[in-house]
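**Q** Dropping in data09.pdb, which is PDB, C-alpha atoms:
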ATOM      1  CA  MET P   1      67.985   3.191 -44.603
ATOM      2  CA  SER P   2      65.048   1.950 -42.542
ATOM      3  CA  GLN P   3      61.594   2.019 -44.057
ATOM      4  CA  ARG P   4      60.275   5.561 -44.157
ATOM      5  CA  GLU P   5      56.981   5.250 -46.000
ATOM      6  CA  TRP P   6      53.842   3.211 -45.368
ATOM      7  CA  VAL P   7      50.767   3.156 -47.607
ATOM      8  CA  LEU P   8      47.480   2.266 -45.917
ATOM      9  CA  ASP P   9      43.885   1.854 -46.987
ATOM     10  CA  ILE P  10      41.607   3.489 -44.435
ATOM     11  CA  HIS P  11      37.945   3.005 -45.275
ATOM     12  CA  GLY P  12      38.684   3.177 -48.995
ATOM     13  CA  SER P  13      41.027   6.172 -48.780
ATOM     14  CA  SER P  14      44.732   5.927 -49.553
ATOM     15  CA  VAL P  15      46.893   7.220 -46.707
ATOM     16  CA  VAL P  16      50.661   7.617 -46.923
ATOM     17  CA  LEU P  17      52.601   7.866 -43.673
ATOM     18  CA  LEU P  18      56.021   9.429 -44.214
ATOM     19  CA  GLY P  19      58.500   9.256 -41.343
ATOM     20  CA  ILE P  20      60.996  12.102 -41.499
ATOM     21  CA  ILE P  21      63.984  13.095 -39.381
ATOM     22  CA  ASN P  22      63.070  16.525 -38.093
ATOM     23  CA  GLY P  23      65.794  19.088 -38.560
ATOM     24  CA  LEU P  24      67.881  17.409 -41.243
ATOM     25  CA  THR P  25      67.971  19.573 -44.361
ATOM     26  CA  ARG P  26      68.366  16.604 -46.689
ATOM     27  CA  GLU P  27      64.966  15.271 -45.597
ATOM     28  CA  ILE P  28      63.348  17.847 -47.890
ATOM     29  CA  GLU P  29      64.190  15.539 -50.786
ATOM     30  CA  ILE P  30      62.383  12.631 -49.106
ATOM     31  CA  VAL P  31      59.217  14.731 -48.779
ATOM     32  CA  LYS P  32      59.529  15.920 -52.390
ATOM     33  CA  GLN P  33      59.972  12.374 -53.697
ATOM     34  CA  SER P  34      56.973  11.126 -51.726
ATOM     35  CA  MET P  35      54.788  13.959 -53.028
ATOM     36  CA  ASP P  36      55.904  13.317 -56.621
ATOM     37  CA  ARG P  37      55.258   9.592 -56.233
ATOM     38  CA  HIS P  38      51.793   9.776 -54.669
ATOM     39  CA  ARG P  39      50.387  13.133 -55.841
ATOM     40  CA  PRO P  40      48.400  13.658 -52.622
ATOM     41  CA  GLN P  41      45.174  15.636 -52.552
ATOM     42  CA  ALA P  42      46.066  17.021 -49.121
ATOM     43  CA  LEU P  43      48.945  17.157 -46.652
ATOM     44  CA  GLY P  44      49.095  16.645 -42.915
ATOM     45  CA  VAL P  45      52.080  17.835 -40.867
ATOM     46  CA  CYS P  46      52.789  16.674 -37.349
ATOM     47  CA  VAL P  47      52.839  20.047 -35.620
ATOM     48  CA  PRO P  48      50.155  21.841 -33.566
ATOM     49  CA  ALA P  49      47.898  24.261 -35.419
ATOM     50  CA  GLU P  50      49.393  27.274 -33.638
ATOM     51  CA  HIS P  51      52.887  26.421 -34.907
ATOM     52  CA  ILE P  52      51.975  26.473 -38.581
ATOM     53  CA  GLU P  53      51.721  30.262 -38.791
ATOM     54  CA  SER P  54      55.074  30.715 -37.057
ATOM     55  CA  ILE P  55      56.659  28.359 -39.603
ATOM     56  CA  ARG P  56      55.002  30.313 -42.411
ATOM     57  CA  LYS P  57      56.575  33.451 -41.002
ATOM     58  CA  TRP P  58      59.931  31.698 -40.863
ATOM     59  CA  ASN P  59      59.505  30.686 -44.508
ATOM     60  CA  ARG P  60      58.903  34.337 -45.407
ATOM     61  CA  ASP P  61      61.642  36.099 -43.463
ATOM     62  CA  GLU P  62      63.315  33.612 -41.071
ATOM     63  CA  THR P  63      61.781  35.161 -37.959
ATOM     64  CA  GLY P  64      59.086  34.221 -35.466
ATOM     65  CA  THR P  65      60.174  30.765 -34.300
ATOM     66  CA  PRO P  66      60.106  29.694 -30.622
ATOM     67  CA  ASP P  67      63.200  29.822 -28.423
ATOM     68  CA  TYR P  68      65.315  26.676 -28.260
ATOM     69  CA  THR P  69      64.865  24.357 -25.273
ATOM     70  CA  GLU P  70      67.434  22.151 -23.547
ATOM     71  CA  PHE P  71      66.061  19.238 -25.559
ATOM     72  CA  ASP P  72      66.526  21.199 -28.787
ATOM     73  CA  ALA P  73      70.171  21.795 -27.848
ATOM     74  CA  LEU P  74      70.697  18.051 -27.277
ATOM     75  CA  TYR P  75      68.893  17.231 -30.512
ATOM     76  CA  LEU P  76      70.926  19.696 -32.568
ATOM     77  CA  ARG P  77      74.185  18.474 -31.052
ATOM     78  CA  GLU P  78      73.583  14.793 -31.710
ATOM     79  CA  MET P  79      71.714  14.919 -35.015
ATOM     80  CA  SER P  80      74.236  17.301 -36.592
ATOM     81  CA  LYS P  81      76.462  14.208 -36.893
ATOM     82  CA  TYR P  82      74.209  13.094 -39.738
ATOM     83  CA  GLY P  83      74.215  16.238 -41.827
ATOM     84  CA  GLU P  84      73.154  19.873 -41.837
ATOM     85  CA  ILE P  85      70.433  20.420 -39.275
ATOM     86  CA  LYS P  86      68.161  23.390 -38.656
ATOM     87  CA  LEU P  87      65.118  24.325 -36.620
ATOM     88  CA  PRO P  88      62.292  24.615 -37.446
ATOM     89  CA  SER P  89      62.391  21.338 -39.341
ATOM     90  CA  PRO P  90      63.212  22.038 -43.011
ATOM     91  CA  SER P  91      61.040  19.145 -44.225
ATOM     92  CA  ILE P  92      57.987  20.471 -42.360
ATOM     93  CA  SER P  93      58.747  24.000 -43.569
ATOM     94  CA  TYR P  94      58.982  22.660 -47.111
ATOM     95  CA  ALA P  95      55.616  20.856 -46.891
ATOM     96  CA  ILE P  96      53.951  24.036 -45.619
ATOM     97  CA  ALA P  97      55.587  26.119 -48.363
ATOM     98  CA  VAL P  98      54.389  23.681 -51.043
ATOM     99  CA  SER P  99      50.859  23.846 -49.664
ATOM    100  CA  ASP P 100      50.899  27.646 -49.629
ATOM    101  CA  ALA P 101      52.285  27.867 -53.184
ATOM    102  CA  SER P 102      49.999  25.240 -54.731
ATOM    103  CA  GLY P 103      46.794  25.620 -52.738
ATOM    104  CA  LEU P 104      47.037  22.008 -51.569
ATOM    105  CA  PRO P 105      44.975  21.625 -48.371
ATOM    106  CA  LEU P 106      47.163  21.455 -45.268
ATOM    107  CA  TYR P 107      46.179  20.116 -41.841
ATOM    108  CA  PRO P 108      47.959  20.113 -38.478
ATOM    109  CA  LEU P 109      47.981  16.608 -36.989
ATOM    110  CA  ASP P 110      49.430  17.157 -33.527
ATOM    111  CA  ILE P 111      47.644  18.242 -30.349
ATOM    112  CA  ASN P 112      47.819  21.916 -29.481
ATOM    113  CA  ASP P 113      49.980  23.290 -26.686
ATOM    114  CA  ASP P 114      47.116  23.657 -24.196
ATOM    115  CA  GLU P 115      45.971  20.058 -24.727
ATOM    116  CA  TYR P 116      49.532  18.834 -24.287
ATOM    117  CA  SER P 117      49.832  20.765 -21.020
ATOM    118  CA  GLU P 118      46.605  19.180 -19.768
ATOM    119  CA  LEU P 119      47.845  15.692 -20.627
ATOM    120  CA  TYR P 120      51.162  16.429 -18.975
ATOM    121  CA  MET P 121      49.545  17.609 -15.746
ATOM    122  CA  LYS P 122      47.200  14.614 -15.753
ATOM    123  CA  HIS P 123      49.842  11.927 -16.133
ATOM    124  CA  VAL P 124      53.101  13.378 -14.786
ATOM    125  CA  SER P 125      53.285  13.994 -11.037
ATOM    126  CA  PRO P 126      55.419  16.811  -9.573
ATOM    127  CA  VAL P 127      57.554  14.312  -7.616
ATOM    128  CA  SER P 128      58.305  12.155 -10.660
ATOM    129  CA  LEU P 129      59.007  15.293 -12.667
ATOM    130  CA  PHE P 130      61.592  16.459 -10.116
ATOM    131  CA  ILE P 131      63.330  13.094 -10.050
ATOM    132  CA  SER P 132      63.305  12.839 -13.833
ATOM    133  CA  SER P 133      64.843  16.311 -14.182
ATOM    134  CA  LEU P 134      67.864  15.092 -12.239
ATOM    135  CA  LEU P 135      68.135  11.982 -14.409
ATOM    136  CA  ARG P 136      67.805  13.992 -17.591
ATOM    137  CA  ARG P 137      70.777  16.173 -16.727
ATOM    138  CA  SER P 138      72.903  13.045 -16.766
ATOM    139  CA  SER P 139      71.261  11.479 -19.811
ATOM    140  CA  ARG P 140      71.717  14.632 -21.893
ATOM    141  CA  LYS P 141      75.466  14.175 -21.601
ATOM    142  CA  LYS P 142      75.208  10.832 -23.379
ATOM    143  CA  GLN P 143      75.971  10.480 -27.046
ATOM    144  CA  VAL P 144      73.917   8.430 -29.469
ATOM    145  CA  GLY P 145      74.965   6.568 -32.583
ATOM    146  CA  GLY P 146      73.847   4.046 -35.173
ATOM    147  CA  THR P 147      71.724   4.895 -38.187
ATOM    148  CA  VAL P 148      69.967   8.229 -38.304
ATOM    149  CA  GLU P 149      66.670   6.469 -37.528
ATOM    150  CA  GLU P 150      68.203   4.679 -34.537
ATOM    151  CA  ALA P 151      69.716   7.926 -33.283
ATOM    152  CA  VAL P 152      66.485   9.925 -33.384
ATOM    153  CA  CYS P 153      64.643   7.151 -31.530
ATOM    154  CA  ALA P 154      67.451   6.944 -28.938
ATOM    155  CA  ILE P 155      67.176  10.676 -28.257
ATOM    156  CA  ASP P 156      63.424  10.306 -27.906
ATOM    157  CA  ARG P 157      63.910   7.517 -25.338
ATOM    158  CA  LEU P 158      66.290   9.705 -23.334
ATOM    159  CA  GLU P 159      63.427  12.167 -22.909
ATOM    160  CA  MET P 160      60.877   9.535 -21.820
ATOM    161  CA  ARG P 161      61.476  10.207 -18.128
ATOM    162  CA  PRO P 162      59.473   9.865 -16.009
ATOM    163  CA  ARG P 163      57.907   6.762 -17.529
ATOM    164  CA  SER P 164      54.513   8.428 -17.304
ATOM    165  CA  LEU P 165      55.685  10.800 -20.029
ATOM    166  CA  ALA P 166      55.529   7.842 -22.416
ATOM    167  CA  THR P 167      51.798   7.729 -21.651
ATOM    168  CA  VAL P 168      51.509  11.346 -22.765
ATOM    169  CA  GLU P 169      53.269  10.511 -26.026
ATOM    170  CA  LYS P 170      50.927   7.556 -26.598
ATOM    171  CA  GLU P 171      47.988   9.925 -26.240
ATOM    172  CA  ARG P 172      49.629  12.227 -28.777
ATOM    173  CA  GLU P 173      49.992   9.324 -31.204
ATOM    174  CA  LYS P 174      46.304   8.456 -30.778
ATOM    175  CA  HIS P 175      45.382  12.068 -31.539
ATOM    176  CA  ILE P 176      47.600  12.106 -34.635
ATOM    177  CA  ALA P 177      46.056   8.843 -35.850
ATOM    178  CA  ALA P 178      42.530  10.181 -35.272
ATOM    179  CA  SER P 179      43.393  13.357 -37.206
ATOM    180  CA  ILE P 180      44.656  11.262 -40.119
ATOM    181  CA  ARG P 181      41.497   9.158 -40.141
ATOM    182  CA  GLU P 182      39.319  12.264 -40.121
ATOM    183  CA  ARG P 183      41.133  14.119 -42.900
ATOM    184  CA  SER P 184      41.514  11.062 -45.142
ATOM    185  CA  ARG P 185      37.737  10.777 -45.385
ATOM    186  CA  ASP P 186      37.751  13.817 -47.663
ATOM    187  CA  HIS P 187      41.176  13.508 -49.304
ATOM    188  CA  SER P 188      42.743  10.534 -51.052
ATOM    189  CA  PRO P 189      45.644  10.121 -51.284
ATOM    190  CA  PHE P 190      46.409  11.876 -48.003
ATOM    191  CA  LEU P 191      50.086  12.349 -47.124
ATOM    192  CA  ALA P 192      50.966  12.616 -43.423
ATOM    193  CA  VAL P 193      54.470  13.916 -42.650
ATOM    194  CA  ILE P 194      55.438  12.701 -39.167
ATOM    195  CA  GLY P 195      58.644  12.601 -37.122
ATOM    196  CA  TYR P 196      60.177   9.130 -37.437
ATOM    197  CA  GLU P 197      60.226   8.671 -33.657
ATOM    198  CA  ARG P 198      56.397   8.967 -33.606
ATOM    199  CA  VAL P 199      55.419   7.393 -36.914
ATOM    200  CA  LEU P 200      55.681   3.764 -35.794
ATOM    201  CA  GLY P 201      53.368   4.408 -32.844
ATOM    202  CA  VAL P 202      50.890   6.160 -35.125
ATOM    203  CA  LEU P 203      51.071   3.261 -37.580
ATOM    204  CA  GLU P 204      50.388   0.789 -34.770
ATOM    205  CA  THR P 205      47.349   2.812 -33.673
ATOM    206  CA  LEU P 206      45.971   3.033 -37.217
ATOM    207  CA  ASN P 207      46.399  -0.716 -37.702
ATOM    208  CA  GLY P 208      44.935  -1.538 -34.288
TER     209      GLY P 208
END
Any chance you could give the structure as structure tokens?
**A**
Amino acid sequence: MSQREWVLDIHGSSVVLLGIINGLTREIEIVKQSMDRHRPQALGVCVPAEHIESIRKWNRDETGTPDYTEFDALYLREMSKYGEIKLPSPSISYAIAVSDASGLPLYPLDINDDEYSELYMKHVSPVSLFISSLLRRSSRKKQVGGTVEEAVCAIDRLEMRPRSLATVEKEREKHIAASIRERSRDHSPFLAVIGYERVLGVLETLNG
């Protein structure tokens, strides 16, 4: 297994970055082990603030989650090769449930939907979007392989069309890193649960 956990010192605060494979049920154990090992004072989950309540509702009665997208269908198809997979991500759902049960402070780390839309409109032109939609139809027929970490990153790369979309994701990673810096000022250790395909970019930003 590739490295999944990084421990950083940010201005005297201990920060643990945990890269998880969204969707895989077995990843719950990775989150549990990390929490037991580090005993964080607060948790951060890499979802927008508005998604946390819908996941809470899912935890209560398995309703209230968004409709699946074409990307979700591709993701479920390919990542199911590595074990049982569900949406919303069981590991994120677990972290939220632990926070709710224990009173551990919980913070969303990702940008909200409106901010993402603004970034998308700023960086992705309509022409490039049209061309990329044609390319994506072909790419979504491809199959990925390798380790589970390699597979999730390969799927992420398939979606990085047009290239300007990678710029949007870099801005997301900067926002996530800034959120971690802000929250770790008041909580140490601070555990940030982040999709593996984003965690290396966030780590690079934090170390930059």
**Q** Please determine, counting all atoms listed in the file, which residue among P:Ile85, P:Val15, P:Met79, P:Val124 has the shortest atom-to-atom distance to P:His38.
**A**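 Checking each of P:Ile85, P:Val15, P:Met79, P:Val124 against P:His38, counting all atoms listed in the file, the winner is P:Val15.
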**Q** When distances are computed from only C-alpha atoms, which of P:Leu76, P:Cys153, P:Ala42, P:Ala192 shows the smallest separation from P:Leu104?
**A**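 Comparing P:Leu76, P:Cys153, P:Ala42, P:Ala192 against P:Leu104, the winner is P:Ala42.
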**Q** Given the choices P:Ser13, P:Thr69, P:Thr25, P:Ser102, which gets closest to P:Pro90 if the distance is worked out from only C-alpha atoms?
**A**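 Closest candidate: P:Thr25.
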**Q** What does the PyMOL selection byres ((chain P and resi 176-189) around 8) select in this file, as a short mmCIF file (atom, residue, chain, number, x, y, z; two decimals) with C-alpha atoms, keeping the file's coordinate frame?
**A**
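Contents of selection.cif, freshly written:
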data_model
loop_
_atom_site.label_atom_id
_atom_site.label_comp_id
_atom_site.auth_asym_id
_atom_site.auth_seq_id
_atom_site.Cartn_x
_atom_site.Cartn_y
_atom_site.Cartn_z
CA ILE P 10 41.61 3.49 -44.44
CA HIS P 11 37.94 3.00 -45.28
CA SER P 13 41.03 6.17 -48.78
CA SER P 14 44.73 5.93 -49.55
CA VAL P 15 46.89 7.22 -46.71
CA VAL P 16 50.66 7.62 -46.92
CA HIS P 38 51.79 9.78 -54.67
CA ARG P 39 50.39 13.13 -55.84
CA PRO P 40 48.40 13.66 -52.62
CA GLN P 41 45.17 15.64 -52.55
CA ALA P 42 46.07 17.02 -49.12
CA GLY P 44 49.10 16.64 -42.92
CA CYS P 46 52.79 16.67 -37.35
CA TYR P 107 46.18 20.12 -41.84
CA LEU P 109 47.98 16.61 -36.99
CA ASP P 110 49.43 17.16 -33.53
CA ILE P 111 47.64 18.24 -30.35
CA ARG P 172 49.63 12.23 -28.78
CA GLU P 173 49.99 9.32 -31.20
CA LYS P 174 46.30 8.46 -30.78
CA HIS P 175 45.38 12.07 -31.54
CA PHE P 190 46.41 11.88 -48.00
CA LEU P 191 50.09 12.35 -47.12
CA ALA P 192 50.97 12.62 -43.42
CA VAL P 202 50.89 6.16 -35.12
CA LEU P 203 51.07 3.26 -37.58
CA THR P 205 47.35 2.81 -33.67
CA LEU P 206 45.97 3.03 -37.22
#
**Q** Just give me the gap between atom CA of P:Leu158 and atom CA of P:Leu18 in Å, one decimal is fine.
**A** 23.3 Å
**Q** Excluding P:Val168 and any residue of its chain fewer than 2 positions from it, enumerate the residues within 12 Å of it, using all atoms listed in the file, and give them as a PyMOL selection string.
**A** chain P and resi 111+115-124+159-166+170-175
**Q** Specify as a ChimeraX atom specification each residue included when the PyMOL selection byres ((chain P and resi 54) around 12) is applied to this file.
**A** /P:47-53,55-67,87-88,92-93,96
**Q** Between P:Lys86, P:Arg157, P:Arg4, P:Lys32, which has the minimum distance to P:Tyr68 (counting all atoms listed in the file)?
**A**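 Closest candidate: P:Lys86.
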**Q** Determine the nearest neighbour of P:Trp6 from the options P:Gln143, P:Ile155, P:Ser34, P:Tyr75, counting only C-alpha atoms.
**A** P:Ser34
